Each structure stands twice: as structure tokens, then as C-alpha cells.
file structure_18.pdb (PDB, C-alpha atoms)
ATOM      1  CA  MET H   1     171.867-151.581  -7.315
ATOM      2  CA  ARG H   2     174.529-150.553  -4.803
ATOM      3  CA  GLU H   3     177.863-152.207  -5.336
ATOM      4  CA  LEU H   4     178.913-154.393  -2.462
ATOM      5  CA  SER H   5     182.052-153.088  -0.820
ATOM      6  CA  LEU H   6     184.021-154.788   1.915
ATOM      7  CA  ASP H   7     186.518-151.921   2.367
ATOM      8  CA  HIS H   8     185.006-150.738   5.615
ATOM      9  CA  ILE H   9     185.490-154.066   7.343
ATOM     10  CA  ARG H  10     189.170-154.512   6.612
ATOM     11  CA  LEU H  11     190.698-155.984   9.780
ATOM     12  CA  THR H  12     194.219-156.119  11.128
ATOM     13  CA  ARG H  13     195.762-159.438  12.132
ATOM     14  CA  ARG H  14     195.549-158.394  15.789
ATOM     15  CA  GLN H  15     191.793-157.682  15.491
ATOM     16  CA  VAL H  16     191.143-161.023  13.839
ATOM     17  CA  LEU H  17     193.004-162.871  16.605
ATOM     18  CA  ALA H  18     191.154-160.901  19.283
ATOM     19  CA  ALA H  19     187.773-161.663  17.683
ATOM     20  CA  GLY H  20     188.586-165.372  17.435
ATOM     21  CA  GLY H  21     189.745-165.438  21.024
ATOM     22  CA  SER H  22     186.620-163.784  22.365
ATOM     23  CA  ALA H  23     184.424-166.118  20.308
ATOM     24  CA  LEU H  24     186.147-169.085  21.958
ATOM     25  CA  ALA H  25     185.758-167.461  25.370
ATOM     26  CA  ILE H  26     182.024-166.977  24.744
ATOM     27  CA  LEU H  27     181.636-170.653  23.757
ATOM     28  CA  ALA H  28     183.481-171.705  26.919
ATOM     29  CA  PHE H  29     181.268-169.449  29.014
ATOM     30  CA  PHE H  30     177.965-170.530  27.503
ATOM     31  CA  PRO H  31     178.288-174.240  26.767
ATOM     32  CA  ARG H  32     174.573-174.192  25.882
ATOM     33  CA  LEU H  33     175.410-172.330  22.681
ATOM     34  CA  ALA H  34     177.740-175.111  21.610
ATOM     35  CA  PHE H  35     176.567-178.440  20.167
ATOM     36  CA  ALA H  36     176.160-181.694  22.036
ATOM     37  CA  THR H  37     178.434-184.606  21.087
ATOM     38  CA  PRO H  38     177.697-188.279  20.262
ATOM     39  CA  LYS H  39     179.108-189.045  23.719
ATOM     40  CA  ASP H  40     176.487-186.790  25.372
ATOM     41  CA  ALA H  41     173.773-188.536  23.339
ATOM     42  CA  MET H  42     174.847-191.991  24.513
ATOM     43  CA  ALA H  43     175.142-190.713  28.093
ATOM     44  CA  THR H  44     171.544-189.483  27.873
ATOM     45  CA  LEU H  45     170.384-192.884  26.606
ATOM     46  CA  THR H  46     172.283-194.639  29.418
ATOM     47  CA  GLU H  47     170.629-192.344  31.949
ATOM     48  CA  TRP H  48     167.141-192.868  30.510
ATOM     49  CA  THR H  49     167.325-196.621  30.001
ATOM     50  CA  GLY H  50     169.650-197.576  32.868
ATOM     51  CA  ALA H  51     171.479-199.905  30.446
ATOM     52  CA  GLU H  52     175.237-200.191  30.163
ATOM     53  CA  THR H  53     175.277-202.080  26.881
ATOM     54  CA  PHE H  54     173.103-201.681  23.821
ATOM     55  CA  GLU H  55     172.332-204.355  21.262
ATOM     56  CA  LYS H  56     172.034-203.516  17.580
ATOM     57  CA  GLY H  57     168.970-204.316  15.489
ATOM     58  CA  ARG H  58     165.168-204.573  15.828
ATOM     59  CA  VAL H  59     164.812-200.779  15.715
ATOM     60  CA  HIS H  60     163.928-199.402  12.278
ATOM     61  CA  LEU H  61     164.180-195.687  11.574
ATOM     62  CA  SER H  62     162.754-193.918   8.609
ATOM     63  CA  LEU H  63     163.851-190.327   8.013
ATOM     64  CA  PRO H  64     164.641-188.308   4.908
ATOM     65  CA  THR H  65     168.359-188.598   4.055
ATOM     66  CA  TYR H  66     168.434-184.886   3.204
ATOM     67  CA  THR H  67     166.210-182.051   4.360
ATOM     68  CA  GLU H  68     165.984-178.341   3.618
ATOM     69  CA  ARG H  69     164.172-177.580   6.829
ATOM     70  CA  GLY H  70     165.652-178.811  10.096
ATOM     71  CA  SER H  71     162.802-177.520  12.224
ATOM     72  CA  PHE H  72     160.310-180.082  10.906
ATOM     73  CA  VAL H  73     161.841-183.456  10.116
ATOM     74  CA  ARG H  74     159.430-186.360   9.972
ATOM     75  CA  ILE H  75     160.558-189.526  11.693
ATOM     76  CA  ASN H  76     159.056-192.992  11.801
ATOM     77  CA  VAL H  77     160.257-195.477  14.408
ATOM     78  CA  ALA H  78     159.178-199.117  14.242
ATOM     79  CA  VAL H  79     160.442-201.838  16.563
ATOM     80  CA  ASP H  80     160.250-205.577  15.772
ATOM     81  CA  SER H  81     158.166-207.080  18.560
ATOM     82  CA  PRO H  82     155.151-209.396  18.791
ATOM     83  CA  MET H  83     153.689-207.037  21.463
ATOM     84  CA  THR H  84     152.210-209.814  23.597
ATOM     85  CA  LYS H  85     151.808-209.840  27.383
ATOM     86  CA  THR H  86     155.158-211.630  27.786
ATOM     87  CA  ASP H  87     157.163-209.916  25.049
ATOM     88  CA  TYR H  88     156.629-206.248  24.366
ATOM     89  CA  VAL H  89     158.376-202.890  23.967
ATOM     90  CA  LYS H  90     158.239-200.801  27.126
ATOM     91  CA  GLU H  91     159.924-197.577  26.113
ATOM     92  CA  ILE H  92     161.239-195.827  23.000
ATOM     93  CA  HIS H  93     163.761-192.993  23.368
ATOM     94  CA  ILE H  94     165.023-190.620  20.667
ATOM     95  CA  VAL H  95     168.232-188.570  20.906
ATOM     96  CA  ALA H  96     169.984-186.370  18.340
ATOM     97  CA  GLU H  97     173.778-186.446  18.525
ATOM     98  CA  ARG H  98     174.576-182.861  17.586
ATOM     99  CA  ASN H  99     171.614-180.710  18.568
ATOM    100  CA  THR H 100     172.075-178.047  21.248
ATOM    101  CA  VAL H 101     171.070-180.702  23.764
ATOM    102  CA  PRO H 102     170.610-184.330  22.650
ATOM    103  CA  GLU H 103     167.206-185.002  24.279
ATOM    104  CA  VAL H 104     164.362-185.316  21.742
ATOM    105  CA  ALA H 105     161.537-187.453  23.126
ATOM    106  CA  SER H 106     160.549-190.566  25.086
ATOM    107  CA  TYR H 107     157.507-192.790  24.534
ATOM    108  CA  PHE H 108     156.008-195.280  26.974
ATOM    109  CA  LEU H 109     154.073-198.241  25.581
ATOM    110  CA  GLY H 110     152.530-201.447  26.905
ATOM    111  CA  PRO H 111     151.364-204.870  25.725
ATOM    112  CA  ASP H 112     148.024-203.283  24.720
ATOM    113  CA  SER H 113     149.748-200.986  22.238
ATOM    114  CA  GLY H 114     149.495-203.780  19.679
ATOM    115  CA  ARG H 115     152.222-202.337  17.510
ATOM    116  CA  ALA H 116     155.484-200.636  18.517
ATOM    117  CA  GLU H 117     155.527-197.825  16.003
ATOM    118  CA  ILE H 118     155.363-194.041  16.238
ATOM    119  CA  ASN H 119     155.446-191.142  13.810
ATOM    120  CA  THR H 120     156.422-187.634  14.800
ATOM    121  CA  ARG H 121     158.374-184.559  13.739
ATOM    122  CA  ILE H 122     161.661-183.466  15.276
ATOM    123  CA  ARG H 123     164.112-180.544  15.181
ATOM    124  CA  LEU H 124     167.625-181.005  13.835
ATOM    125  CA  ARG H 125     170.039-178.146  14.229
ATOM    126  CA  ARG H 126     172.585-179.509  11.746
ATOM    127  CA  SER H 127     173.548-182.660   9.825
ATOM    128  CA  GLN H 128     173.938-185.488  12.304
ATOM    129  CA  ALA H 129     172.968-188.990  13.391
ATOM    130  CA  ILE H 130     169.715-189.775  15.198
ATOM    131  CA  VAL H 131     169.860-192.612  17.724
ATOM    132  CA  VAL H 132     166.753-194.453  18.912
ATOM    133  CA  ALA H 133     166.741-196.923  21.809
ATOM    134  CA  ALA H 134     163.950-199.423  22.490
ATOM    135  CA  VAL H 135     163.647-200.936  25.958
ATOM    136  CA  MET H 136     162.034-204.412  26.001
ATOM    137  CA  ASN H 137     160.015-205.732  28.945
ATOM    138  CA  ASP H 138     162.883-208.082  29.887
ATOM    139  CA  GLY H 139     165.275-205.128  30.174
ATOM    140  CA  ALA H 140     167.187-205.646  26.918
ATOM    141  CA  VAL H 141     167.910-202.407  25.056
ATOM    142  CA  PHE H 142     168.180-202.277  21.260
ATOM    143  CA  ILE H 143     169.399-199.257  19.319
ATOM    144  CA  GLY H 144     169.104-198.043  15.760
ATOM    145  CA  LYS H 145     170.936-195.148  14.137
ATOM    146  CA  THR H 146     170.441-193.093  10.970
ATOM    147  CA  ARG H 147     172.235-190.069   9.539
ATOM    148  CA  VAL H 148     170.377-187.044   8.193
ATOM    149  CA  ARG H 149     171.846-184.188   6.192
ATOM    150  CA  VAL H 150     170.350-180.777   6.967
ATOM    151  CA  ALA H 151     170.756-177.803   4.598
ATOM    152  CA  LYS H 152     173.226-175.236   5.996
ATOM    153  CA  SER H 153     170.528-172.607   6.548
ATOM    154  CA  GLY H 154     167.945-175.025   7.835
ATOM    155  CA  GLY H 155     168.794-175.396  11.529
ATOM    156  CA  GLY H 156     165.808-176.191  13.658
ATOM    157  CA  CYS H 157     166.477-175.245  17.273
ATOM    158  CA  GLY H 158     166.017-171.534  16.701
TER     159      GLY H 158
ATOM    160  CA  MET L   1     145.472-171.178  17.285
ATOM    161  CA  MET L   2     147.855-171.780  20.158
ATOM    162  CA  GLY L   3     146.621-174.498  22.485
ATOM    163  CA  THR L   4     144.236-176.071  19.970
ATOM    164  CA  ALA L   5     144.453-179.831  20.339
ATOM    165  CA  GLN L   6     143.390-182.338  17.710
ATOM    166  CA  ALA L   7     143.038-186.106  17.896
ATOM    167  CA  LYS L   8     141.944-188.547  15.212
ATOM    168  CA  VAL L   9     140.687-192.001  16.182
ATOM    169  CA  PRO L  10     138.845-194.428  13.869
ATOM    170  CA  THR L  11     135.121-194.144  14.638
ATOM    171  CA  ARG L  12     134.627-197.894  14.319
ATOM    172  CA  ALA L  13     136.825-200.919  14.969
ATOM    173  CA  THR L  14     136.510-204.630  15.599
ATOM    174  CA  GLN L  15     137.435-206.020  18.987
ATOM    175  CA  GLY L  16     141.183-206.566  19.327
ATOM    176  CA  GLU L  17     141.982-204.574  16.200
ATOM    177  CA  VAL L  18     145.141-202.469  16.344
ATOM    178  CA  ILE L  19     144.179-198.875  15.525
ATOM    179  CA  GLN L  20     146.272-195.840  14.726
ATOM    180  CA  ILE L  21     145.718-192.655  16.727
ATOM    181  CA  LYS L  22     146.934-189.326  15.353
ATOM    182  CA  THR L  23     147.336-186.304  17.589
ATOM    183  CA  LYS L  24     148.452-182.719  17.134
ATOM    184  CA  LEU L  25     148.750-179.731  19.456
ATOM    185  CA  TYR L  26     149.211-176.212  18.114
ATOM    186  CA  HIS L  27     152.017-174.961  20.340
ATOM    187  CA  PRO L  28     155.267-173.026  19.686
ATOM    188  CA  MET L  29     157.383-175.357  21.908
ATOM    189  CA  GLU L  30     159.857-172.565  22.713
ATOM    190  CA  THR L  31     163.255-173.893  23.770
ATOM    191  CA  GLY L  32     164.267-170.720  25.621
ATOM    192  CA  TRP L  33     167.333-170.261  23.406
ATOM    193  CA  ARG L  34     165.750-168.295  20.573
ATOM    194  CA  LYS L  35     165.857-164.510  20.324
ATOM    195  CA  ASP L  36     163.082-162.399  18.832
ATOM    196  CA  ALA L  37     163.548-159.630  16.239
ATOM    197  CA  ASN L  38     164.531-157.134  18.976
ATOM    198  CA  GLY L  39     167.201-159.396  20.407
ATOM    199  CA  ASN L  40     165.259-160.326  23.548
ATOM    200  CA  GLU L  41     165.329-163.920  24.701
ATOM    201  CA  VAL L  42     162.060-165.740  24.104
ATOM    202  CA  PRO L  43     161.190-167.522  27.383
ATOM    203  CA  ARG L  44     161.093-171.294  27.481
ATOM    204  CA  LYS L  45     157.588-172.665  26.955
ATOM    205  CA  ARG L  46     156.979-176.291  26.088
ATOM    206  CA  ALA L  47     154.194-178.804  26.360
ATOM    207  CA  HIS L  48     156.438-181.528  27.744
ATOM    208  CA  VAL L  49     154.106-184.342  28.814
ATOM    209  CA  PHE L  50     151.502-186.104  26.654
ATOM    210  CA  VAL L  51     149.170-188.748  28.050
ATOM    211  CA  CYS L  52     146.451-190.795  26.350
ATOM    212  CA  ARG L  53     143.837-192.371  28.640
ATOM    213  CA  PHE L  54     140.943-194.733  27.964
ATOM    214  CA  LYS L  55     138.304-194.972  30.728
ATOM    215  CA  GLY L  56     140.794-193.554  33.229
ATOM    216  CA  ARG L  57     143.455-196.120  32.347
ATOM    217  CA  GLU L  58     146.719-194.847  30.874
ATOM    218  CA  VAL L  59     147.246-196.190  27.360
ATOM    219  CA  PHE L  60     150.224-194.225  26.086
ATOM    220  CA  ARG L  61     152.560-191.569  27.456
ATOM    221  CA  ALA L  62     155.261-189.390  25.916
ATOM    222  CA  ASN L  63     157.818-186.868  27.154
ATOM    223  CA  PHE L  64     158.670-184.107  24.704
ATOM    224  CA  HIS L  65     162.065-182.465  25.110
ATOM    225  CA  THR L  66     163.580-179.569  23.161
ATOM    226  CA  GLY L  67     164.150-181.706  20.070
ATOM    227  CA  VAL L  68     160.439-181.981  19.265
ATOM    228  CA  SER L  69     159.136-179.636  16.550
ATOM    229  CA  ALA L  70     156.681-176.830  17.132
ATOM    230  CA  ASP L  71     153.050-177.971  16.785
ATOM    231  CA  PRO L  72     153.971-181.477  17.978
ATOM    232  CA  TYR L  73     152.395-184.172  15.810
ATOM    233  CA  LEU L  74     152.417-187.719  17.123
ATOM    234  CA  SER L  75     150.838-190.911  15.892
ATOM    235  CA  PHE L  76     150.897-194.240  17.721
ATOM    236  CA  TYR L  77     148.984-197.518  17.884
ATOM    237  CA  THR L  78     146.713-199.153  20.432
ATOM    238  CA  LYS L  79     144.416-202.156  20.631
ATOM    239  CA  ALA L  80     140.672-201.418  20.533
ATOM    240  CA  ILE L  81     139.100-203.440  23.340
ATOM    241  CA  GLU L  82     135.714-201.835  24.021
ATOM    242  CA  SER L  83     133.625-198.812  23.049
ATOM    243  CA  GLY L  84     134.464-195.609  24.874
ATOM    244  CA  VAL L  85     136.239-192.295  24.692
ATOM    245  CA  TYR L  86     139.958-191.715  24.350
ATOM    246  CA  GLU L  87     141.175-188.709  26.322
ATOM    247  CA  PHE L  88     144.348-186.839  25.434
ATOM    248  CA  THR L  89     146.176-184.378  27.679
ATOM    249  CA  TRP L  90     149.218-182.209  27.041
ATOM    250  CA  THR L  91     150.831-180.509  30.063
ATOM    251  CA  GLU L  92     152.964-177.392  29.830
ATOM    252  CA  ASP L  93     156.006-176.603  32.010
ATOM    253  CA  ASP L  94     153.896-174.388  34.310
ATOM    254  CA  GLY L  95     151.096-176.965  34.655
ATOM    255  CA  THR L  96     148.684-175.566  32.054
ATOM    256  CA  GLU L  97     146.769-178.407  30.420
ATOM    257  CA  PHE L  98     145.409-178.785  26.901
ATOM    258  CA  SER L  99     143.044-181.603  26.120
ATOM    259  CA  ALA L 100     141.131-183.355  23.367
ATOM    260  CA  SER L 101     138.955-186.443  23.212
ATOM    261  CA  ALA L 102     137.623-188.827  20.574
ATOM    262  CA  PRO L 103     135.050-191.621  20.800
ATOM    263  CA  ILE L 104     135.280-195.098  19.319
ATOM    264  CA  THR L 105     132.653-197.782  18.735
ATOM    265  CA  VAL L 106     133.960-201.311  19.041
ATOM    266  CA  VAL L 107     131.994-204.191  17.466
ATOM    267  CA  SER L 108     132.653-207.833  18.243
ATOM    268  CA  VAL L 109     132.708-209.107  14.633
ATOM    269  CA  ALA L 110     133.703-207.515  11.360
ATOM    270  CA  GLN L 111     130.738-206.207   9.393
TER     271      GLN L 111
END
call {"tool": "encode", "arguments": {"input": "structure_18.pdb", "output": "C-alpha cells"}}
result
Amino acid sequence: MRELSLDHIRLTRRQVLAAGGSALAILAFFPRLAFATPKDAMATLTEWTGAETFEKGRVHLSLPTYTERGSFVRINVAVDSPMTKTDYVKEIHIVAERNTVPEVASYFLGPDSGRAEINTRIRLRRSQAIVVAAVMNDGAVFIGKTRVRVAKSGGGCG
Amino acid sequence: MMGTAQAKVPTRATQGEVIQIKTKLYHPMETGWRKDANGNEVPRKRAHVFVCRFKGREVFRANFHTGVSADPYLSFYTKAIESGVYEFTWTEDDGTEFSASAPITVVSVAQ
């Protein structure tokens, strides 16, 4: 087996600084290549739900705490609700705080859904928190949050 | 195969019973950010709207954004009210539609 040699990539201090600088410039030029922030995720939820304040509770998330493969992460969302004509879940929204863009999916239910629960599979580009918002028919918005660790090589957004 | 849609609905249910519906579409859900082996950008291609209808009435709807995995699997619940056929439609960015359907028989009392 060939011995691994790093001699040919010895860099001067000036080259290292130049490379770092251009990497930063590229990130500034293509913000899409950078990650979203928790702030972006909450802004997305505010835009989708039209709510200024979120209440905690009623939303239950079930995800693996650690995954090797970020491109297929199973997620179960269940919301406490009797699902009657006068009290039901209208919408469920999922955002991921540190994906390339936070938007994951939105679901629209009604009183005939019978049960406010969905199962699906999502992409996670790195370890982060997943935030789910449930909009009730009276306009109240509840959120639930869970952290997932993704293996370093397992990013899912391609 | 790309574009193959699958939907699983219980064949039989009692009236008012809450049933689980499982759906899956074979689709790459390209985000438009990935590059292929030659370094060319793979164009964005997603099935971004999913609708479930029963006798023309909308039962469930979903919007898929870039955070949804390839071959989007989705399961949800609905109340079985009468016998009929559930129709499922996925719509791509350019308007291409994929569809599947599954019948259900609803009986008034448990047997």
C-alpha cells in the first residue's frame, strides 16, 4: 500500500490566510450554502402560522436521539386534541433549525381526521433541534421541540 | 420506479372508526443544491403538494418542502364515514401529477 504523504500540500501562512478569506467570501456570496439559524426557523413558523407567541406543550415528537443517516430520519408527531367539531388541530408545521433552509413540511387536518398524528421521514443536514407547531381551530399555536444528533458524515440535504 | 405511488387503506372499517392511511411516492425530491459525479448541478425537482380526497371532498393536504426525504412516506389518520374510494394526488413543481387510489368498505356495526 502506498504511504500517505502530505509533503506536497505544505502551505505557507499567506496561502492559508488567503484560502480562509476566500472561503468566507464564498459563504457571504452564496448564503444558500450556509446553514439556517434557530431564528430563521422561528421566523418561518411565524410566517406560516401568523402567530406572534407560541405556547409550550400538547405537541409530542418522537425521533431517534442519534442517527447515522441524516437523509432518512423517521419522525412521529402527535398532538393532544379531542378532534371534535369544536376543538381540533387545523395545521401541523415542521421546521429544522439548522438545515440549509428550515422549511420541512406542513400538514392540513380537519375535525374528520379523528386523530392528530402523522408519521413521515425527513432530511437533517447536521445535529440540530426540530421544532413542530400545531395550530388549533381557535388560533392558539402550540410548539414542541426535540434535538437529534446526526453522524458527521450523514448529512441529508445532498 | 420514479413516479410510482402507493397507498394503503384498511379494506374494511366500522362507521366512525379512525383509520390509518399510509402513502408513499417513489420520487428523488431533488433540492437543486446537489451536484452529480461530474460536478453539474442537479436541477430542482420536488413533488411539493399532496392531497387526499374522498368522493371529491378534501380530507387531508400536505406541503413538502426541501426537508422531506426522497421517496416521501407519509401516514395520517381519518374517520371512515361511508364506503368509497380514497384518491391521492402528488403534484410536482412543473404541474406533473402522480396518483393512487384505494377503496374502503364501511359497515355500520362491528362484525
call {"tool": "residues_around", "arguments": {"input": "structure_18.pdb", "residues": "Gly95 (chain L)", "least_positions_apart": "5", "cutoff": "12 Å", "atoms": "all atoms listed in the file", "output": "MDAnalysis selection string"}}
result
chainID L and resid 45:49 89:90
call {"tool": "atom_distance", "arguments": {"input": "structure_18.pdb", "atom1": "CA of Gln6 (chain L)", "atom2": "CA of Lys22 (chain L)"}}
result
8.2 Å
call {"tool": "interface_residues", "arguments": {"input": "structure_18.pdb", "of": "chain L", "to": "chain H", "cutoff": "7 Å", "atoms": "all atoms listed in the file", "output": "number ranges by chain"}}
result
L: 18, 33-34, 60-69, 72-79
call {"tool": "resolve_selection", "arguments": {"input": "structure_18.pdb", "expression": "the PyMOL selection byres ((chain L and resi 2) around 6)", "output": "list of chain:residue names"}}
result
L:Met1, L:Gly3, L:Thr4, L:Tyr26, L:His27
call {"tool": "closest_residue", "arguments": {"input": "structure_18.pdb", "among": "L:Thr14, L:Ile19, L:Phe88, L:Val107", "to": "Arg53 (chain L)", "atoms": "all atoms listed in the file"}}
result
L:Phe88
call {"tool": "closest_residue", "arguments": {"input": "structure_18.pdb", "among": "H:Ala140, H:Thr49, H:Val132, H:Arg126", "to": "Ala34 (chain H)", "atoms": "only C-alpha atoms"}}
result
H:Arg126
call {"tool": "atom_distance", "arguments": {"input": "structure_18.pdb", "atom1": "CA of Ala134 (chain H)", "atom2": "CA of Lys90 (chain H)"}}
result
7.5 Å
call {"tool": "closest_residue", "arguments": {"input": "structure_18.pdb", "among": "L:Asp71, L:Pro28, L:Arg44, L:Phe50", "to": "Ser99 (chain L)", "atoms": "all atoms listed in the file"}}
result
L:Phe50
call {"tool": "resolve_selection", "arguments": {"input": "structure_18.pdb", "expression": "the PyMOL selection byres ((chain L and resi 54) around 9)", "output": "short mmCIF file (atom, residue, chain, number, x, y, z; two decimals) with C-alpha atoms, in the coordinates of the input"}}
result
data_model
loop_
_atom_site.label_atom_id
_atom_site.label_comp_id
_atom_site.auth_asym_id
_atom_site.auth_seq_id
_atom_site.Cartn_x
_atom_site.Cartn_y
_atom_site.Cartn_z
CA CYS L 52 146.45 -190.80 26.35
CA ARG L 53 143.84 -192.37 28.64
CA LYS L 55 138.30 -194.97 30.73
CA GLY L 56 140.79 -193.55 33.23
CA ARG L 57 143.46 -196.12 32.35
CA GLU L 58 146.72 -194.85 30.87
CA VAL L 59 147.25 -196.19 27.36
CA GLY L 84 134.46 -195.61 24.87
CA VAL L 85 136.24 -192.30 24.69
CA TYR L 86 139.96 -191.72 24.35
CA GLU L 87 141.18 -188.71 26.32
CA PHE L 88 144.35 -186.84 25.43
#
call {"tool": "atom_distance", "arguments": {"input": "structure_18.pdb", "atom1": "CA of Ile130 (chain H)", "atom2": "CA of Glu97 (chain H)"}}
result
6.2 Å
call {"tool": "closest_residue", "arguments": {"input": "structure_18.pdb", "among": "H:Ala36, H:Gly50, H:Val79, H:Gly57", "to": "Ala129 (chain H)", "atoms": "only C-alpha atoms"}}
result
H:Ala36
call {"tool": "residues_near_point", "arguments": {"input": "structure_18.pdb", "point": "(137.1, -195.5, 11.2)", "cutoff": "10 Å", "atoms": "all atoms listed in the file", "output": "PyMOL selection string"}}
result
chain L and resi 8-13+19-20+104-105
call {"tool": "resolve_selection", "arguments": {"input": "structure_18.pdb", "expression": "the PyMOL selection byres ((chain H and resi 138) around 12)", "output": "list in words"}}
result
Ala51, Lys85, Thr86, Asp87, Tyr88, Val89, Lys90, Glu91, Ala134, Val135, Met136, Asn137, Gly139, Ala140, Val141 and Phe142 of chain H
call {"tool": "decode", "arguments": {"input": "structure_18.pdb", "residues": "region 20-29 of chain L", "atoms": "all heavy atoms", "output": "CSV table (one decimal), in the first residue's frame"}}
result
chain,number,residue,atom,x,y,z
L,20,GLN,N,-55.9,4.4,9.8
L,20,GLN,CA,-54.6,5.0,9.4
L,20,GLN,C,-54.4,4.7,7.9
L,20,GLN,O,-54.7,3.7,7.4
L,20,GLN,CB,-53.5,4.3,10.2
L,20,GLN,CG,-52.2,5.0,9.9
L,20,GLN,CD,-51.0,4.3,10.6
L,20,GLN,OE1,-51.0,3.1,10.7
L,20,GLN,NE2,-50.0,5.0,11.0
L,21,ILE,N,-54.0,5.8,7.2
L,21,ILE,CA,-53.7,5.7,5.8
L,21,ILE,C,-52.2,5.9,5.6
L,21,ILE,O,-51.6,6.8,6.2
L,21,ILE,CB,-54.5,6.8,5.0
L,21,ILE,CG1,-56.0,6.5,5.1
L,21,ILE,CG2,-54.0,6.8,3.6
L,21,ILE,CD1,-56.8,7.5,4.4
L,22,LYS,N,-51.6,5.0,4.9
L,22,LYS,CA,-50.1,5.1,4.6
L,22,LYS,C,-49.9,5.3,3.2
L,22,LYS,O,-50.5,4.6,2.3
L,22,LYS,CB,-49.4,3.7,5.0
L,22,LYS,CG,-49.5,3.4,6.5
L,22,LYS,CD,-48.9,2.1,6.8
L,22,LYS,CE,-49.0,1.8,8.3
L,22,LYS,NZ,-48.6,0.4,8.5
L,23,THR,N,-49.1,6.3,2.9
L,23,THR,CA,-48.8,6.6,1.5
L,23,THR,C,-47.3,6.7,1.2
L,23,THR,O,-46.5,7.0,2.1
L,23,THR,CB,-49.4,7.9,1.1
L,23,THR,OG1,-48.8,9.0,1.8
L,23,THR,CG2,-50.9,8.0,1.3
L,24,LYS,N,-46.9,6.4,0.0
L,24,LYS,CA,-45.5,6.6,-0.4
L,24,LYS,C,-45.4,6.8,-1.9
L,24,LYS,O,-46.2,6.2,-2.7
L,24,LYS,CB,-44.8,5.3,-0.1
L,24,LYS,CG,-43.3,5.4,-0.3
L,24,LYS,CD,-42.5,4.2,0.1
L,24,LYS,CE,-41.0,4.4,0.0
L,24,LYS,NZ,-40.3,3.2,0.3
L,25,LEU,N,-44.6,7.8,-2.3
L,25,LEU,CA,-44.3,8.1,-3.7
L,25,LEU,C,-42.8,7.9,-3.9
L,25,LEU,O,-42.0,8.4,-3.2
L,25,LEU,CB,-44.7,9.6,-4.0
L,25,LEU,CG,-44.4,10.1,-5.3
L,25,LEU,CD1,-45.3,9.5,-6.4
L,25,LEU,CD2,-44.5,11.6,-5.4
L,26,TYR,N,-42.5,7.1,-5.0
L,26,TYR,CA,-41.1,7.0,-5.3
L,26,TYR,C,-40.7,8.2,-6.1
L,26,TYR,O,-41.1,8.3,-7.3
L,26,TYR,CB,-40.9,5.7,-6.1
L,26,TYR,CG,-41.0,4.5,-5.2
L,26,TYR,CD1,-42.3,3.9,-4.9
L,26,TYR,CD2,-39.9,4.0,-4.5
L,26,TYR,CE1,-42.4,2.8,-4.0
L,26,TYR,CE2,-40.0,2.9,-3.7
L,26,TYR,CZ,-41.3,2.3,-3.4
L,26,TYR,OH,-41.4,1.3,-2.5
L,27,HIS,N,-39.9,9.0,-5.5
L,27,HIS,CA,-39.5,10.3,-6.2
L,27,HIS,C,-38.2,10.8,-5.5
L,27,HIS,O,-38.0,10.7,-4.3
L,27,HIS,CB,-40.6,11.3,-5.9
L,27,HIS,CG,-40.6,12.5,-6.8
L,27,HIS,ND1,-39.7,13.5,-6.5
L,27,HIS,CD2,-41.3,12.9,-7.8
L,27,HIS,CE1,-39.8,14.5,-7.4
L,27,HIS,NE2,-40.8,14.1,-8.3
L,28,PRO,N,-37.3,11.3,-6.4
L,28,PRO,CA,-36.0,11.7,-5.8
L,28,PRO,C,-36.0,13.0,-4.9
L,28,PRO,O,-35.1,13.2,-4.1
L,28,PRO,CB,-35.1,12.0,-7.0
L,28,PRO,CG,-36.1,12.2,-8.1
L,28,PRO,CD,-37.3,11.4,-7.8
L,29,MET,N,-37.1,13.8,-5.1
L,29,MET,CA,-37.2,15.1,-4.3
L,29,MET,C,-35.9,15.9,-4.3
L,29,MET,O,-35.3,16.2,-3.3
L,29,MET,CB,-37.6,14.7,-2.8
L,29,MET,CG,-38.9,14.0,-2.7
L,29,MET,SD,-40.3,14.9,-3.2
L,29,MET,CE,-40.8,15.7,-1.6
